[in-house]
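Raw contents of upload.csv, CSV, C-alpha atoms and all ligand atoms:
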chain,number,residue,atom,x,y,z
J,1,MET,CA,9.0,9.1,-5.2
J,2,ARG,CA,12.5,9.8,-3.7
J,3,ILE,CA,14.9,11.7,-6.0
J,4,GLY,CA,18.4,12.6,-4.8
J,5,VAL,CA,20.2,15.7,-6.1
J,6,ILE,CA,24.0,15.8,-5.9
J,7,ALA,CA,24.5,18.8,-3.7
J,8,LEU,CA,28.2,19.5,-3.6
J,9,GLN,CA,28.4,22.4,-6.1
J,10,GLY,CA,26.3,24.2,-8.6
J,11,GLY,CA,22.5,24.5,-9.1
J,12,PHE,CA,21.2,21.8,-6.7
J,13,ALA,CA,18.8,24.0,-4.8
J,14,GLU,CA,16.9,24.9,-7.9
J,15,HIS,CA,16.6,21.2,-8.8
J,16,ILE,CA,15.3,20.4,-5.3
J,17,SER,CA,12.8,23.2,-5.6
J,18,ILE,CA,11.4,22.3,-9.0
J,19,LEU,CA,11.3,18.5,-8.2
J,20,SER,CA,9.3,19.4,-5.0
J,21,ARG,CA,6.9,21.5,-7.2
J,22,CYS,CA,6.5,18.4,-9.4
J,23,GLY,CA,5.4,16.5,-6.3
J,24,ALA,CA,8.5,14.4,-5.8
J,25,GLY,CA,10.5,14.0,-2.6
J,26,ALA,CA,13.8,15.7,-3.4
J,27,TYR,CA,16.8,15.2,-1.2
J,28,PRO,CA,20.3,16.7,-1.2
J,29,VAL,CA,23.1,14.0,-1.7
J,30,ARG,CA,26.5,14.7,-0.2
J,31,LEU,CA,27.6,11.3,1.2
J,32,PRO,CA,27.3,7.7,0.0
J,33,SER,CA,24.7,7.1,2.8
J,34,HIS,CA,22.4,9.6,1.1
J,35,ILE,CA,22.0,7.5,-2.0
J,36,ASP,CA,20.1,4.7,-0.2
J,37,ASP,CA,16.7,3.9,-1.6
J,38,LEU,CA,16.4,6.5,-4.2
J,39,ASP,CA,14.2,6.3,-7.3
J,40,GLY,CA,16.4,8.6,-9.3
J,41,ILE,CA,19.3,10.9,-9.1
J,42,VAL,CA,19.9,14.4,-10.6
J,43,ILE,CA,23.4,15.7,-11.4
J,44,PRO,CA,23.1,19.5,-11.6
J,45,GLY,CA,24.9,22.1,-13.6
J,46,GLY,CA,27.9,23.9,-12.1
J,47,GLU,CA,31.5,23.3,-13.0
J,48,SER,CA,32.1,19.8,-14.2
J,49,THR,CA,35.8,19.6,-13.2
J,50,SER,CA,35.0,20.7,-9.6
J,51,LEU,CA,32.0,18.4,-9.5
J,52,LYS,CA,34.1,15.4,-10.5
J,53,ILE,CA,36.8,16.2,-7.9
J,54,LEU,CA,34.2,16.7,-5.2
J,55,MET,CA,32.3,13.6,-6.0
J,56,ARG,CA,35.4,11.6,-5.8
J,57,GLU,CA,36.5,13.2,-2.5
J,58,TYR,CA,33.1,12.6,-1.0
J,59,GLY,CA,33.1,9.0,-2.1
J,60,LEU,CA,30.1,9.3,-4.4
J,61,LEU,CA,31.7,8.5,-7.8
J,62,GLU,CA,32.0,4.7,-7.5
J,63,PRO,CA,28.7,4.0,-5.7
J,64,LEU,CA,26.8,6.2,-8.2
J,65,ARG,CA,28.5,4.6,-11.1
J,66,GLU,CA,27.5,1.2,-9.8
J,67,LEU,CA,23.9,2.2,-9.0
J,68,ILE,CA,23.4,3.9,-12.4
J,69,GLY,CA,24.8,0.7,-14.0
J,70,ARG,CA,22.2,-1.3,-12.1
J,71,GLY,CA,19.5,0.9,-13.4
J,72,LEU,CA,19.0,3.9,-11.2
J,73,PRO,CA,17.4,6.6,-13.4
J,74,VAL,CA,19.6,9.6,-13.8
J,75,PHE,CA,19.1,13.2,-15.1
J,76,GLY,CA,22.1,15.4,-15.8
J,77,THR,CA,21.9,19.0,-16.7
J,78,CYS,CA,24.7,21.0,-18.3
J,79,ALA,CA,27.8,20.1,-16.2
J,80,GLY,CA,25.8,17.0,-15.2
J,81,MET,CA,25.6,16.1,-18.9
J,82,VAL,CA,29.4,16.4,-19.1
J,83,LEU,CA,29.7,13.9,-16.2
J,84,LEU,CA,27.3,11.4,-17.8
J,85,ALA,CA,29.2,11.5,-21.1
J,86,ARG,CA,31.6,8.8,-22.1
J,87,GLU,CA,35.1,10.2,-22.3
J,88,PRO,CA,37.3,8.3,-24.8
J,89,THR,CA,40.4,9.2,-22.8
J,90,ASP,CA,39.6,9.1,-19.1
J,91,PRO,CA,42.4,7.1,-17.6
J,92,ASP,CA,41.5,7.9,-14.0
J,93,ARG,CA,37.8,7.3,-14.5
J,94,SER,CA,37.0,10.7,-13.1
J,95,SER,CA,33.6,10.7,-14.7
J,96,LEU,CA,30.4,8.7,-14.5
J,97,GLY,CA,30.5,7.8,-18.2
J,98,ALA,CA,27.0,6.4,-18.1
J,99,MET,CA,25.7,7.5,-21.6
J,100,ASN,CA,26.9,6.7,-25.1
J,101,ILE,CA,27.5,10.3,-25.9
J,102,GLU,CA,30.5,12.5,-26.5
J,103,VAL,CA,30.3,16.2,-25.5
J,104,ASP,CA,32.1,19.4,-26.2
J,105,ARG,CA,32.3,21.6,-23.1
J,106,ASN,CA,31.6,25.3,-23.3
J,107,ALA,CA,30.6,24.8,-26.9
J,108,PHE,CA,29.0,28.3,-27.2
J,109,GLY,CA,31.9,30.2,-25.7
J,110,ARG,CA,32.2,32.1,-22.4
J,111,GLN,CA,29.8,33.2,-19.7
J,112,ALA,CA,28.9,36.3,-21.7
J,113,ASP,CA,27.8,34.0,-24.6
J,114,SER,CA,25.0,32.5,-22.5
J,115,PHE,CA,21.6,32.7,-24.1
J,116,GLN,CA,18.0,31.7,-24.1
J,117,SER,CA,16.2,29.9,-26.9
J,118,GLU,CA,12.7,28.4,-27.5
J,119,LEU,CA,13.2,24.7,-28.0
J,120,SER,CA,11.2,22.1,-29.8
J,121,ILE,CA,11.2,19.0,-27.6
J,122,PRO,CA,8.5,16.6,-29.1
J,123,VAL,CA,8.4,14.3,-26.0
J,124,LEU,CA,7.3,17.3,-24.0
J,125,GLY,CA,4.5,18.3,-26.3
J,126,ASP,CA,4.0,21.0,-28.9
J,127,ARG,CA,4.6,24.0,-26.7
J,128,PRO,CA,8.2,25.3,-27.0
J,129,PHE,CA,10.4,24.8,-24.0
J,130,PRO,CA,12.4,27.7,-22.6
J,131,GLY,CA,16.0,26.7,-23.1
J,132,VAL,CA,18.5,28.5,-20.7
J,133,PHE,CA,22.1,28.0,-21.8
J,134,VAL,CA,24.9,28.9,-19.5
J,135,ARG,CA,28.4,28.0,-20.8
J,136,ALA,CA,26.7,25.0,-22.1
J,137,PRO,CA,28.1,21.8,-23.6
J,138,VAL,CA,26.7,20.2,-26.7
J,139,VAL,CA,26.5,16.5,-27.8
J,140,ARG,CA,29.1,16.0,-30.5
J,141,ALA,CA,28.3,12.3,-31.1
J,142,THR,CA,25.8,9.7,-30.1
J,143,ASP,CA,26.1,5.9,-30.2
J,144,ASP,CA,24.0,2.8,-29.6
J,145,GLY,CA,20.8,3.3,-27.7
J,146,VAL,CA,20.8,7.1,-27.6
J,147,GLN,CA,17.6,8.9,-28.7
J,148,VAL,CA,18.0,12.6,-29.5
J,149,LEU,CA,15.3,14.6,-27.7
J,150,CYS,CA,16.2,18.1,-28.9
J,151,ARG,CA,18.3,19.9,-31.5
J,152,LEU,CA,18.9,23.6,-32.0
J,153,SER,CA,17.8,25.0,-35.4
J,154,ASP,CA,21.3,24.4,-36.7
J,155,GLY,CA,21.1,20.7,-35.9
J,156,VAL,CA,23.2,20.8,-32.8
J,157,ILE,CA,22.1,18.2,-30.2
J,158,VAL,CA,21.2,19.6,-26.8
J,159,ALA,CA,19.1,16.9,-25.1
J,160,VAL,CA,19.3,13.1,-25.2
J,161,GLN,CA,17.9,10.0,-23.6
J,162,GLN,CA,19.3,6.5,-23.2
J,163,GLU,CA,16.7,4.3,-21.6
J,164,ASN,CA,16.2,5.8,-18.2
J,165,ARG,CA,19.2,8.2,-18.5
J,166,LEU,CA,18.5,11.8,-19.5
J,167,ALA,CA,20.8,14.6,-20.2
J,168,CYS,CA,20.4,18.2,-21.5
J,169,SER,CA,22.8,21.1,-22.2
J,170,PHE,CA,20.4,23.7,-20.8
J,171,HIS,CA,18.8,24.4,-17.4
J,172,PRO,CA,15.2,23.5,-17.0
J,173,GLU,CA,15.5,24.0,-13.3
J,174,LEU,CA,16.0,27.8,-13.9
J,175,THR,CA,12.6,28.1,-15.5
J,176,ASN,CA,9.0,27.8,-14.3
J,177,ASP,CA,8.3,25.0,-16.8
J,178,LEU,CA,8.0,21.7,-15.0
J,179,ARG,CA,7.7,19.5,-18.1
J,180,PHE,CA,11.3,18.3,-18.3
J,181,HIS,CA,11.5,17.3,-14.6
J,182,LYS,CA,8.0,15.7,-14.9
J,183,TYR,CA,9.3,13.7,-17.9
J,184,PHE,CA,12.2,12.5,-15.8
J,185,LEU,CA,9.8,11.4,-13.1
J,186,SER,CA,7.6,9.6,-15.6
J,187,ILE,CA,10.3,7.6,-17.1
J,188,ASP,CA,9.6,3.9,-16.9
J,189,ARG,CA,11.4,2.6,-13.9
J,190,GLY,CA,10.2,-1.0,-14.5
J,191,ASP,CA,11.9,-3.5,-12.3
J,192,VAL,CA,15.4,-2.6,-13.6
J,193,PHE,CA,16.1,-1.1,-10.2
J,194,ALA,CA,14.7,-2.9,-7.3
J,195,LYS,CA,15.2,-0.1,-4.8
J,196,SER,CA,18.2,-2.0,-3.5
J,197,SER,CA,20.4,0.3,-1.5
J,198,TYR,CA,24.1,0.5,-2.1
J,199,ARG,CA,24.9,0.0,1.6
J,200,ARG,CA,22.8,-3.2,1.7
J,201,SER,CA,24.5,-4.6,-1.3
J,202,GLN,CA,27.9,-3.8,0.2
J,203,ARG,CA,26.9,-5.5,3.4
J,204,ALA,CA,25.7,-8.6,1.6
J,205,ALA,CA,28.9,-8.8,-0.5
Y,1,LIG,N1,30.8,25.0,-18.6
Y,1,LIG,C1,30.6,24.2,-17.4
Y,1,LIG,C2,31.4,22.9,-17.4
Y,1,LIG,O1,31.7,22.4,-18.4
Y,1,LIG,C3,29.1,23.8,-17.3
Y,1,LIG,C4,28.2,25.0,-17.1
Y,1,LIG,C5,27.0,24.7,-16.4
Y,1,LIG,O2,26.8,23.7,-15.8
Y,1,LIG,N2,26.1,25.7,-16.4
Y,1,LIG,O3,31.8,22.5,-16.4

Would you mind writing the file's structure down as structure tokens?
Amino acid sequence: MRIGVIALQGGFAEHISILSRCGAGAYPVRLPSHIDDLDGIVIPGGESTSLKILMREYGLLEPLRELIGRGLPVFGTCAGMVLLAREPTDPDRSSLGAMNIEVDRNAFGRQADSFQSELSIPVLGDRPFPGVFVRAPVVRATDDGVQVLCRLSDGVIVAVQQENRLACSFHPELTNDLRFHKYFLSIDRGDVFAKSSYRRSQRAA
């Protein structure tokens, strides 16, 4: 399996490492040519505004939006979740806006308010999952087709799935627990995405 990891900013090296430990081929993505023939894409944590700007400057935003729209499975963590969220007011379409969720950035406060918490995530089994939260966003609202995978004990939503799109507020790539990444790899890829490359489709157009 070939999984691309957006490698412009933030925690991409950790995602590449944990995906490799899960047995997947993990490749850094910096240019549009790097998103050919992928079976999935990971948007890492980092700083979402910088990530948006860099993805636009490197020409990744439009091709990725199109590929995800055509069914390329995607997994966004922390800032990656912010990029996947739909922004009601996003006149310059600076985000991927691929999931029916609205998020609050930095919902727990500043860097010093980062924390760890044992999470109950039923799709990953009974054993608690180590949640590492670093200036994390939360999901404020969900809409059609979104399944909540995890809530904190106060009910706040921190992980969601919409078909083959996954997002979480925390950082599974900073733990030794492979279950979240394995779950992403196990998601039904069906025939929604026929491995057609962006470049090939551009040439054919
Ligand atoms: N607070 C960051 C943002 O909104 C996300 C932090 C992270 O990815 N660890 O961009």

Please check which protein, DNA or RNA residues sit within 9 Å of ligand LIG 1 (chain Y), counting all atoms listed in the file, and write them as a compact mmCIF listing (two decimals) with C-alpha atoms, in the coordinates of the input.
# COMPACT_ATOMS: atom_id res chain seq x y z
CA GLY J 10 26.30 24.20 -8.60
CA GLY J 11 22.50 24.50 -9.10
CA PRO J 44 23.10 19.50 -11.60
CA GLY J 45 24.90 22.10 -13.60
CA GLY J 46 27.90 23.90 -12.10
CA GLU J 47 31.50 23.30 -13.00
CA SER J 48 32.10 19.80 -14.20
CA THR J 49 35.80 19.60 -13.20
CA SER J 50 35.00 20.70 -9.60
CA LEU J 51 32.00 18.40 -9.50
CA THR J 77 21.90 19.00 -16.70
CA CYS J 78 24.70 21.00 -18.30
CA ALA J 79 27.80 20.10 -16.20
CA GLY J 80 25.80 17.00 -15.20
CA MET J 81 25.60 16.10 -18.90
CA VAL J 82 29.40 16.40 -19.10
CA LEU J 83 29.70 13.90 -16.20
CA ASP J 104 32.10 19.40 -26.20
CA ARG J 105 32.30 21.60 -23.10
CA ASN J 106 31.60 25.30 -23.30
CA ALA J 107 30.60 24.80 -26.90
CA GLY J 109 31.90 30.20 -25.70
CA ARG J 110 32.20 32.10 -22.40
CA GLN J 111 29.80 33.20 -19.70
CA PHE J 133 22.10 28.00 -21.80
CA VAL J 134 24.90 28.90 -19.50
CA ARG J 135 28.40 28.00 -20.80
CA ALA J 136 26.70 25.00 -22.10
CA PRO J 137 28.10 21.80 -23.60
CA SER J 169 22.80 21.10 -22.20
CA PHE J 170 20.40 23.70 -20.80
CA HIS J 171 18.80 24.40 -17.40

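The two atoms in question, CA of Arg56 (chain J) and CA of Gln9 (chain J), are spaced 12.9 Å apart.
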
Neighbours of Tyr27 (chain J) within 9 Å (only C-alpha atoms; same-chain residues fewer than 2 positions away dropped), as a list of chain:residue names? J:Arg2, J:Ile3, J:Gly4, J:Val5, J:Ile6, J:Ala7, J:Ile16, J:Gly25, J:Val29, J:His34

Here's a test: counting all atoms listed in the file, identify every protein, DNA and RNA residue with an atom at most 7 Å from (12.6, 18.8, -30.3) in the file's coordinate frame, and state them as a VMD selection string. chain J and resid 119 to 122 149 to 151

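Among the candidates J:Phe108, J:Pro128, J:Glu102, J:Asn164, the one nearest to Thr142 (chain J) when counting all atoms listed in the file is J:Glu102.
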